[in-house]
Amino acid sequence: MASSGNKDVSPETMRRNFLSRAAASIAAAPAPAGAVVGTERSEQGDPVVSLWRDWMVAHRLCGEACRRQQKLETELIREFGSFPRAKVPLSEDCGFIWAYSGREIDRLLPNTDQDEMRRQARAALAASRSEWKKADRRVGYTRAKKAEEEIADVEEALAKELWSAVPQSVAGVAVRLHSLLETEDPRSALEEAPWPELRMILADLVRVCAGPPAMQVKE
């Protein structure tokens, strides 16, 4: 006899999937008439829910962009060996230290009798940066980083709007709490208070949004 799907799922996996299941439940919840406090509008007309949907898209895209940027950064460093840098000799026969900026070079070689070493180190750093840029153009790391920064700005702006708007429904309250948990505890792994309690409150709000028969979203 085939076992039910949930029997083979560990509590840890269930907890990790809690927020995605909660989001799906809120998005699929019906819009009962009269559910909005002080108005006849439904959850579907709650501006907070609308903002949350936009924020969720931006949040997902930001996560994807971040992972892509990190992957390309790793690829670039693997190809190039390190971030741009130059050797700065410590003293005669005492080895060297890596410098990653002109300011570091100036700090490590501050004396007037070190002008030539400082010039050579700066030239080596410039050459290293030039090679890095060539590799970067091949890999596309800078483009990916810029794309991540742009979508992160969009996500941040939507989050500010989401928390500035006034919820007009239970769903509006639920999605604000969901966005908080998604940002601060995306894997539902935090066990100290108040995180388990906040997840329980979100599950309760989702159940209220769903209405009878409610879809169970257990923390």
# chains A, B, ... in the order shown; residues from 1 in each chain; ligands from 1

$ closest_atom_pairs --of "range 137-207 of chain A" --to "range 44-64 of chain A" --cutoff "10 Å" --atoms "only C-alpha atoms" --output "CSV"
residue,atom,partner,partner_atom,distance
A:Ala147,CA,A:Cys62,CA,8.9
A:Glu148,CA,A:Cys62,CA,6.2
A:Glu149,CA,A:Cys62,CA,8.4
A:Glu150,CA,A:Cys62,CA,8.8
A:Ile151,CA,A:Cys62,CA,5.6
A:Ala152,CA,A:Cys62,CA,5.7
A:Asp153,CA,A:Cys62,CA,9.3
A:Val154,CA,A:Ala58,CA,6.8
A:Glu155,CA,A:Ala58,CA,5.2
A:Glu156,CA,A:Trp55,CA,8.6
A:Ala157,CA,A:Trp55,CA,8.9
A:Leu158,CA,A:Trp55,CA,5.6
A:Ala159,CA,A:Trp55,CA,6.5
A:Lys160,CA,A:Trp55,CA,9.9
A:Glu161,CA,A:Leu51,CA,7.3
A:Leu162,CA,A:Leu51,CA,5.7
A:Trp163,CA,A:Val48,CA,8.1
A:Ser164,CA,A:Val48,CA,8.9
A:Ala165,CA,A:Val48,CA,6.1
A:Val166,CA,A:Val48,CA,6.9
A:Pro167,CA,A:Val48,CA,5.6
A:Gln168,CA,A:Asp46,CA,5.6
A:Ser169,CA,A:Asp46,CA,6.6
A:Val170,CA,A:Asp46,CA,9.5
A:Ala171,CA,A:Val49,CA,6.8
A:Gly172,CA,A:Val49,CA,5.3
A:Val173,CA,A:Val48,CA,8.2
A:Ala174,CA,A:Val49,CA,8.8
A:Val175,CA,A:Trp52,CA,6.4
A:Arg176,CA,A:Trp52,CA,7.4
A:His178,CA,A:Trp52,CA,9.1
A:Ser179,CA,A:Trp52,CA,7.5
A:Glu182,CA,A:His59,CA,9.2
A:Thr183,CA,A:His59,CA,8.8

$ write_last_selection --atoms "N, CA and C atoms" --output "short mmCIF file (atom, residue, chain, number, x, y, z; two decimals), in the first residue's frame"
data_model
loop_
_atom_site.label_atom_id
_atom_site.label_comp_id
_atom_site.auth_asym_id
_atom_site.auth_seq_id
_atom_site.Cartn_x
_atom_site.Cartn_y
_atom_site.Cartn_z
N ALA A 147 22.93 43.64 -11.76
CA ALA A 147 21.54 43.19 -11.85
C ALA A 147 21.00 42.84 -10.47
N GLU A 148 21.84 42.21 -9.64
CA GLU A 148 21.41 41.88 -8.28
C GLU A 148 21.12 43.14 -7.48
N GLU A 149 21.98 44.13 -7.60
CA GLU A 149 21.80 45.38 -6.85
C GLU A 149 20.52 46.09 -7.28
N GLU A 150 20.23 46.05 -8.58
CA GLU A 150 19.03 46.72 -9.08
C GLU A 150 17.76 46.06 -8.56
N ILE A 151 17.70 44.73 -8.61
CA ILE A 151 16.49 44.05 -8.14
C ILE A 151 16.40 44.13 -6.62
N ALA A 152 17.55 44.21 -5.93
CA ALA A 152 17.52 44.38 -4.48
C ALA A 152 16.93 45.74 -4.11
N ASP A 153 17.23 46.76 -4.91
CA ASP A 153 16.64 48.08 -4.67
C ASP A 153 15.13 48.04 -4.86
N VAL A 154 14.69 47.31 -5.88
CA VAL A 154 13.25 47.17 -6.13
C VAL A 154 12.59 46.45 -4.96
N GLU A 155 13.22 45.37 -4.51
CA GLU A 155 12.66 44.60 -3.38
C GLU A 155 12.56 45.47 -2.13
N GLU A 156 13.61 46.24 -1.86
CA GLU A 156 13.61 47.10 -0.68
C GLU A 156 12.52 48.16 -0.75
N ALA A 157 12.35 48.75 -1.94
CA ALA A 157 11.31 49.77 -2.11
C ALA A 157 9.92 49.18 -1.91
N LEU A 158 9.70 47.98 -2.44
CA LEU A 158 8.40 47.33 -2.27
C LEU A 158 8.17 46.95 -0.82
N ALA A 159 9.22 46.53 -0.13
CA ALA A 159 9.08 46.19 1.29
C ALA A 159 8.68 47.41 2.10
N LYS A 160 9.26 48.56 1.78
CA LYS A 160 8.90 49.79 2.49
C LYS A 160 7.44 50.15 2.24
N GLU A 161 7.01 50.00 0.99
CA GLU A 161 5.60 50.26 0.67
C GLU A 161 4.69 49.29 1.41
N LEU A 162 5.11 48.03 1.43
CA LEU A 162 4.31 46.99 2.09
C LEU A 162 4.09 47.30 3.56
N TRP A 163 5.14 47.80 4.22
CA TRP A 163 5.03 48.08 5.65
C TRP A 163 4.48 49.47 5.94
N SER A 164 4.38 50.30 4.91
CA SER A 164 3.77 51.62 5.10
C SER A 164 2.27 51.58 4.88
N ALA A 165 1.81 50.65 4.05
CA ALA A 165 0.38 50.54 3.76
C ALA A 165 -0.36 49.96 4.97
N VAL A 166 -1.64 50.29 5.07
CA VAL A 166 -2.47 49.82 6.18
C VAL A 166 -3.29 48.61 5.73
N PRO A 167 -3.12 47.46 6.39
CA PRO A 167 -3.91 46.29 6.00
C PRO A 167 -5.41 46.54 6.17
N GLN A 168 -6.19 46.02 5.24
CA GLN A 168 -7.63 46.17 5.30
C GLN A 168 -8.33 44.82 5.39
N SER A 169 -7.56 43.79 5.68
CA SER A 169 -8.13 42.45 5.77
C SER A 169 -7.22 41.57 6.60
N VAL A 170 -7.73 40.41 6.98
CA VAL A 170 -6.90 39.43 7.68
C VAL A 170 -5.74 39.00 6.79
N ALA A 171 -6.02 38.85 5.51
CA ALA A 171 -4.96 38.47 4.57
C ALA A 171 -3.86 39.52 4.54
N GLY A 172 -4.24 40.79 4.65
CA GLY A 172 -3.24 41.85 4.66
C GLY A 172 -2.31 41.74 5.86
N VAL A 173 -2.88 41.40 7.01
CA VAL A 173 -2.06 41.19 8.20
C VAL A 173 -1.16 39.97 8.01
N ALA A 174 -1.73 38.91 7.45
CA ALA A 174 -0.99 37.66 7.26
C ALA A 174 0.21 37.85 6.34
N VAL A 175 0.02 38.58 5.25
CA VAL A 175 1.13 38.71 4.29
C VAL A 175 2.24 39.59 4.85
N ARG A 176 1.91 40.55 5.69
CA ARG A 176 2.98 41.34 6.30
C ARG A 176 3.81 40.47 7.24
N HIS A 178 4.09 37.26 6.98
CA HIS A 178 4.81 36.34 6.10
C HIS A 178 6.09 36.98 5.56
N SER A 179 6.00 38.23 5.13
CA SER A 179 7.18 38.90 4.57
C SER A 179 8.28 39.06 5.62
N GLU A 182 9.77 35.56 6.06
CA GLU A 182 10.50 35.20 4.84
C GLU A 182 11.85 35.91 4.79
N THR A 183 11.90 37.13 5.31
CA THR A 183 13.13 37.91 5.29
C THR A 183 14.08 37.51 6.41
#

$ select_by_dssp --residues "range 10-168 of chain A" --states "strand (DSSP E)" --output "ChimeraX atom specification"
/A:86-89,96-99

$ residues_around --residues "Ser128 in chain A" --least-positions-apart "3" --cutoff "10 Å" --atoms "only C-alpha atoms" --output "VMD selection string"
chain A and resid 80 82 to 86 100 122 to 125 131 to 133

$ select_by_dssp --residues "range 62-156 of chain A" --states "helix (DSSP H, G or I)" --output "PyMOL selection string"
chain A and resi 62-80+102-108+112-139+141-156

$ write_last_selection --atoms "C-alpha atoms" --output "PDB file, in the first residue's frame"
ATOM      1  CA  CYS A  62      16.587  38.892  -5.898  1.00  0.00           C
ATOM      2  CA  GLY A  63      17.413  35.485  -4.467  1.00  0.00           C
ATOM      3  CA  GLU A  64      18.024  34.093  -7.937  1.00  0.00           C
ATOM      4  CA  ALA A  65      20.205  37.079  -8.858  1.00  0.00           C
ATOM      5  CA  CYS A  66      22.200  36.722  -5.641  1.00  0.00           C
ATOM      6  CA  ARG A  67      22.878  33.040  -6.272  1.00  0.00           C
ATOM      7  CA  ARG A  68      23.911  33.762  -9.858  1.00  0.00           C
ATOM      8  CA  GLN A  69      26.250  36.562  -8.763  1.00  0.00           C
ATOM      9  CA  GLN A  70      27.848  34.330  -6.130  1.00  0.00           C
ATOM     10  CA  LYS A  71      28.283  31.513  -8.639  1.00  0.00           C
ATOM     11  CA  LEU A  72      29.961  33.815 -11.150  1.00  0.00           C
ATOM     12  CA  GLU A  73      32.156  35.370  -8.460  1.00  0.00           C
ATOM     13  CA  THR A  74      33.361  31.901  -7.480  1.00  0.00           C
ATOM     14  CA  GLU A  75      33.959  31.069 -11.138  1.00  0.00           C
ATOM     15  CA  LEU A  76      35.882  34.300 -11.687  1.00  0.00           C
ATOM     16  CA  ILE A  77      38.080  33.819  -8.624  1.00  0.00           C
ATOM     17  CA  ARG A  78      38.714  30.213  -9.641  1.00  0.00           C
ATOM     18  CA  GLU A  79      39.787  31.374 -13.106  1.00  0.00           C
ATOM     19  CA  PHE A  80      41.786  34.393 -11.956  1.00  0.00           C
ATOM     20  CA  GLY A 102      46.547  51.663  -3.666  1.00  0.00           C
ATOM     21  CA  ARG A 103      45.772  52.833  -0.152  1.00  0.00           C
ATOM     22  CA  GLU A 104      47.134  49.587   1.275  1.00  0.00           C
ATOM     23  CA  ILE A 105      50.286  49.981  -0.803  1.00  0.00           C
ATOM     24  CA  ASP A 106      50.793  53.525   0.482  1.00  0.00           C
ATOM     25  CA  ARG A 107      50.274  52.376   4.059  1.00  0.00           C
ATOM     26  CA  LEU A 108      52.747  49.516   3.712  1.00  0.00           C
ATOM     27  CA  THR A 112      60.362  58.365   0.709  1.00  0.00           C
ATOM     28  CA  ASP A 113      63.101  55.793   0.128  1.00  0.00           C
ATOM     29  CA  GLN A 114      60.368  53.326  -0.860  1.00  0.00           C
ATOM     30  CA  ASP A 115      59.098  55.386  -3.791  1.00  0.00           C
ATOM     31  CA  GLU A 116      60.330  52.919  -6.400  1.00  0.00           C
ATOM     32  CA  MET A 117      58.867  49.901  -4.602  1.00  0.00           C
ATOM     33  CA  ARG A 118      55.605  51.786  -4.204  1.00  0.00           C
ATOM     34  CA  ARG A 119      55.559  52.636  -7.915  1.00  0.00           C
ATOM     35  CA  GLN A 120      56.236  49.026  -8.877  1.00  0.00           C
ATOM     36  CA  ALA A 121      53.547  47.736  -6.535  1.00  0.00           C
ATOM     37  CA  ARG A 122      51.005  50.178  -7.933  1.00  0.00           C
ATOM     38  CA  ALA A 123      51.922  49.173 -11.484  1.00  0.00           C
ATOM     39  CA  ALA A 124      51.531  45.499 -10.582  1.00  0.00           C
ATOM     40  CA  LEU A 125      48.138  46.203  -9.011  1.00  0.00           C
ATOM     41  CA  ALA A 126      47.002  48.091 -12.109  1.00  0.00           C
ATOM     42  CA  ALA A 127      48.077  45.182 -14.322  1.00  0.00           C
ATOM     43  CA  SER A 128      46.262  42.734 -12.051  1.00  0.00           C
ATOM     44  CA  ARG A 129      43.096  44.813 -12.216  1.00  0.00           C
ATOM     45  CA  SER A 130      43.339  44.963 -16.002  1.00  0.00           C
ATOM     46  CA  GLU A 131      43.541  41.169 -16.221  1.00  0.00           C
ATOM     47  CA  TRP A 132      40.661  40.863 -13.764  1.00  0.00           C
ATOM     48  CA  LYS A 133      38.499  43.100 -15.947  1.00  0.00           C
ATOM     49  CA  LYS A 134      39.242  40.953 -18.988  1.00  0.00           C
ATOM     50  CA  ALA A 135      38.240  37.814 -17.104  1.00  0.00           C
ATOM     51  CA  ASP A 136      35.208  39.608 -15.697  1.00  0.00           C
ATOM     52  CA  ARG A 137      33.988  40.500 -19.179  1.00  0.00           C
ATOM     53  CA  ARG A 138      34.212  36.839 -20.170  1.00  0.00           C
ATOM     54  CA  VAL A 139      32.456  35.563 -17.063  1.00  0.00           C
ATOM     55  CA  TYR A 141      30.322  38.828 -12.896  1.00  0.00           C
ATOM     56  CA  THR A 142      30.016  42.633 -12.821  1.00  0.00           C
ATOM     57  CA  ARG A 143      26.882  42.538 -14.964  1.00  0.00           C
ATOM     58  CA  ALA A 144      25.355  39.964 -12.630  1.00  0.00           C
ATOM     59  CA  LYS A 145      26.302  42.001  -9.561  1.00  0.00           C
ATOM     60  CA  LYS A 146      24.713  45.125 -11.030  1.00  0.00           C
ATOM     61  CA  ALA A 147      21.542  43.187 -11.853  1.00  0.00           C
ATOM     62  CA  GLU A 148      21.408  41.880  -8.283  1.00  0.00           C
ATOM     63  CA  GLU A 149      21.801  45.381  -6.852  1.00  0.00           C
ATOM     64  CA  GLU A 150      19.032  46.722  -9.083  1.00  0.00           C
ATOM     65  CA  ILE A 151      16.495  44.048  -8.136  1.00  0.00           C
ATOM     66  CA  ALA A 152      17.523  44.379  -4.477  1.00  0.00           C
ATOM     67  CA  ASP A 153      16.645  48.080  -4.670  1.00  0.00           C
ATOM     68  CA  VAL A 154      13.249  47.172  -6.126  1.00  0.00           C
ATOM     69  CA  GLU A 155      12.658  44.604  -3.381  1.00  0.00           C
ATOM     70  CA  GLU A 156      13.611  47.098  -0.676  1.00  0.00           C
TER      71      GLU A 156
END

$ atom_distance --atom1 "CA of Ala193 in chain A" --atom2 "CA of Ala210 in chain A"
26.4 Å

$ decode --residues "range 64-178 of chain A" --atoms "C-alpha atoms" --output "PDB file, in the first residue's frame"
ATOM      1  CA  GLU A  64      18.024  34.093  -7.937  1.00  0.00           C
ATOM      2  CA  ALA A  65      20.205  37.079  -8.858  1.00  0.00           C
ATOM      3  CA  CYS A  66      22.200  36.722  -5.641  1.00  0.00           C
ATOM      4  CA  ARG A  67      22.878  33.040  -6.272  1.00  0.00           C
ATOM      5  CA  ARG A  68      23.911  33.762  -9.858  1.00  0.00           C
ATOM      6  CA  GLN A  69      26.250  36.562  -8.763  1.00  0.00           C
ATOM      7  CA  GLN A  70      27.848  34.330  -6.130  1.00  0.00           C
ATOM      8  CA  LYS A  71      28.283  31.513  -8.639  1.00  0.00           C
ATOM      9  CA  LEU A  72      29.961  33.815 -11.150  1.00  0.00           C
ATOM     10  CA  GLU A  73      32.156  35.370  -8.460  1.00  0.00           C
ATOM     11  CA  THR A  74      33.361  31.901  -7.480  1.00  0.00           C
ATOM     12  CA  GLU A  75      33.959  31.069 -11.138  1.00  0.00           C
ATOM     13  CA  LEU A  76      35.882  34.300 -11.687  1.00  0.00           C
ATOM     14  CA  ILE A  77      38.080  33.819  -8.624  1.00  0.00           C
ATOM     15  CA  ARG A  78      38.714  30.213  -9.641  1.00  0.00           C
ATOM     16  CA  GLU A  79      39.787  31.374 -13.106  1.00  0.00           C
ATOM     17  CA  PHE A  80      41.786  34.393 -11.956  1.00  0.00           C
ATOM     18  CA  GLY A  81      43.133  32.966  -8.701  1.00  0.00           C
ATOM     19  CA  SER A  82      42.135  35.833  -6.413  1.00  0.00           C
ATOM     20  CA  PHE A  83      40.840  39.377  -6.363  1.00  0.00           C
ATOM     21  CA  PRO A  84      43.235  41.893  -7.992  1.00  0.00           C
ATOM     22  CA  ARG A  85      46.322  42.285  -5.828  1.00  0.00           C
ATOM     23  CA  ALA A  86      50.031  43.085  -5.804  1.00  0.00           C
ATOM     24  CA  LYS A  87      53.013  41.898  -3.795  1.00  0.00           C
ATOM     25  CA  VAL A  88      54.508  44.397  -1.366  1.00  0.00           C
ATOM     26  CA  PRO A  89      57.919  43.410   0.056  1.00  0.00           C
ATOM     27  CA  LEU A  90      58.060  43.658   3.835  1.00  0.00           C
ATOM     28  CA  SER A  91      61.797  44.201   4.083  1.00  0.00           C
ATOM     29  CA  GLU A  92      64.957  42.721   2.659  1.00  0.00           C
ATOM     30  CA  ASP A  93      64.691  38.904   2.624  1.00  0.00           C
ATOM     31  CA  CYS A  94      61.579  38.981   4.823  1.00  0.00           C
ATOM     32  CA  GLY A  95      58.986  37.971   2.284  1.00  0.00           C
ATOM     33  CA  PHE A  96      56.007  40.003   1.136  1.00  0.00           C
ATOM     34  CA  ILE A  97      52.383  40.795   1.848  1.00  0.00           C
ATOM     35  CA  TRP A  98      49.498  41.065  -0.605  1.00  0.00           C
ATOM     36  CA  ALA A  99      47.949  44.501  -1.109  1.00  0.00           C
ATOM     37  CA  TYR A 100      44.526  44.868  -2.707  1.00  0.00           C
ATOM     38  CA  SER A 101      44.357  48.649  -3.081  1.00  0.00           C
ATOM     39  CA  GLY A 102      46.547  51.663  -3.666  1.00  0.00           C
ATOM     40  CA  ARG A 103      45.772  52.833  -0.152  1.00  0.00           C
ATOM     41  CA  GLU A 104      47.134  49.587   1.275  1.00  0.00           C
ATOM     42  CA  ILE A 105      50.286  49.981  -0.803  1.00  0.00           C
ATOM     43  CA  ASP A 106      50.793  53.525   0.482  1.00  0.00           C
ATOM     44  CA  ARG A 107      50.274  52.376   4.059  1.00  0.00           C
ATOM     45  CA  LEU A 108      52.747  49.516   3.712  1.00  0.00           C
ATOM     46  CA  LEU A 109      55.342  51.626   1.890  1.00  0.00           C
ATOM     47  CA  PRO A 110      55.098  55.079   3.486  1.00  0.00           C
ATOM     48  CA  ASN A 111      58.753  56.184   3.360  1.00  0.00           C
ATOM     49  CA  THR A 112      60.362  58.365   0.709  1.00  0.00           C
ATOM     50  CA  ASP A 113      63.101  55.793   0.128  1.00  0.00           C
ATOM     51  CA  GLN A 114      60.368  53.326  -0.860  1.00  0.00           C
ATOM     52  CA  ASP A 115      59.098  55.386  -3.791  1.00  0.00           C
ATOM     53  CA  GLU A 116      60.330  52.919  -6.400  1.00  0.00           C
ATOM     54  CA  MET A 117      58.867  49.901  -4.602  1.00  0.00           C
ATOM     55  CA  ARG A 118      55.605  51.786  -4.204  1.00  0.00           C
ATOM     56  CA  ARG A 119      55.559  52.636  -7.915  1.00  0.00           C
ATOM     57  CA  GLN A 120      56.236  49.026  -8.877  1.00  0.00           C
ATOM     58  CA  ALA A 121      53.547  47.736  -6.535  1.00  0.00           C
ATOM     59  CA  ARG A 122      51.005  50.178  -7.933  1.00  0.00           C
ATOM     60  CA  ALA A 123      51.922  49.173 -11.484  1.00  0.00           C
ATOM     61  CA  ALA A 124      51.531  45.499 -10.582  1.00  0.00           C
ATOM     62  CA  LEU A 125      48.138  46.203  -9.011  1.00  0.00           C
ATOM     63  CA  ALA A 126      47.002  48.091 -12.109  1.00  0.00           C
ATOM     64  CA  ALA A 127      48.077  45.182 -14.322  1.00  0.00           C
ATOM     65  CA  SER A 128      46.262  42.734 -12.051  1.00  0.00           C
ATOM     66  CA  ARG A 129      43.096  44.813 -12.216  1.00  0.00           C
ATOM     67  CA  SER A 130      43.339  44.963 -16.002  1.00  0.00           C
ATOM     68  CA  GLU A 131      43.541  41.169 -16.221  1.00  0.00           C
ATOM     69  CA  TRP A 132      40.661  40.863 -13.764  1.00  0.00           C
ATOM     70  CA  LYS A 133      38.499  43.100 -15.947  1.00  0.00           C
ATOM     71  CA  LYS A 134      39.242  40.953 -18.988  1.00  0.00           C
ATOM     72  CA  ALA A 135      38.240  37.814 -17.104  1.00  0.00           C
ATOM     73  CA  ASP A 136      35.208  39.608 -15.697  1.00  0.00           C
ATOM     74  CA  ARG A 137      33.988  40.500 -19.179  1.00  0.00           C
ATOM     75  CA  ARG A 138      34.212  36.839 -20.170  1.00  0.00           C
ATOM     76  CA  VAL A 139      32.456  35.563 -17.063  1.00  0.00           C
ATOM     77  CA  GLY A 140      29.903  38.365 -16.652  1.00  0.00           C
ATOM     78  CA  TYR A 141      30.322  38.828 -12.896  1.00  0.00           C
ATOM     79  CA  THR A 142      30.016  42.633 -12.821  1.00  0.00           C
ATOM     80  CA  ARG A 143      26.882  42.538 -14.964  1.00  0.00           C
ATOM     81  CA  ALA A 144      25.355  39.964 -12.630  1.00  0.00           C
ATOM     82  CA  LYS A 145      26.302  42.001  -9.561  1.00  0.00           C
ATOM     83  CA  LYS A 146      24.713  45.125 -11.030  1.00  0.00           C
ATOM     84  CA  ALA A 147      21.542  43.187 -11.853  1.00  0.00           C
ATOM     85  CA  GLU A 148      21.408  41.880  -8.283  1.00  0.00           C
ATOM     86  CA  GLU A 149      21.801  45.381  -6.852  1.00  0.00           C
ATOM     87  CA  GLU A 150      19.032  46.722  -9.083  1.00  0.00           C
ATOM     88  CA  ILE A 151      16.495  44.048  -8.136  1.00  0.00           C
ATOM     89  CA  ALA A 152      17.523  44.379  -4.477  1.00  0.00           C
ATOM     90  CA  ASP A 153      16.645  48.080  -4.670  1.00  0.00           C
ATOM     91  CA  VAL A 154      13.249  47.172  -6.126  1.00  0.00           C
ATOM     92  CA  GLU A 155      12.658  44.604  -3.381  1.00  0.00           C
ATOM     93  CA  GLU A 156      13.611  47.098  -0.676  1.00  0.00           C
ATOM     94  CA  ALA A 157      11.313  49.773  -2.107  1.00  0.00           C
ATOM     95  CA  LEU A 158       8.404  47.328  -2.272  1.00  0.00           C
ATOM     96  CA  ALA A 159       9.084  46.187   1.293  1.00  0.00           C
ATOM     97  CA  LYS A 160       8.900  49.791   2.490  1.00  0.00           C
ATOM     98  CA  GLU A 161       5.597  50.257   0.670  1.00  0.00           C
ATOM     99  CA  LEU A 162       4.310  46.990   2.088  1.00  0.00           C
ATOM    100  CA  TRP A 163       5.032  48.077   5.647  1.00  0.00           C
ATOM    101  CA  SER A 164       3.771  51.620   5.095  1.00  0.00           C
ATOM    102  CA  ALA A 165       0.381  50.537   3.763  1.00  0.00           C
ATOM    103  CA  VAL A 166      -2.470  49.823   6.184  1.00  0.00           C
ATOM    104  CA  PRO A 167      -3.909  46.285   6.001  1.00  0.00           C
ATOM    105  CA  GLN A 168      -7.631  46.173   5.296  1.00  0.00           C
ATOM    106  CA  SER A 169      -8.135  42.453   5.774  1.00  0.00           C
ATOM    107  CA  VAL A 170      -6.903  39.426   7.681  1.00  0.00           C
ATOM    108  CA  ALA A 171      -4.963  38.471   4.570  1.00  0.00           C
ATOM    109  CA  GLY A 172      -3.237  41.851   4.663  1.00  0.00           C
ATOM    110  CA  VAL A 173      -2.055  41.191   8.204  1.00  0.00           C
ATOM    111  CA  ALA A 174      -0.985  37.656   7.257  1.00  0.00           C
ATOM    112  CA  VAL A 175       1.126  38.711   4.293  1.00  0.00           C
ATOM    113  CA  ARG A 176       2.979  41.345   6.298  1.00  0.00           C
ATOM    114  CA  LEU A 177       3.867  38.730   8.889  1.00  0.00           C
ATOM    115  CA  HIS A 178       4.814  36.337   6.101  1.00  0.00           C
TER     116      HIS A 178
END
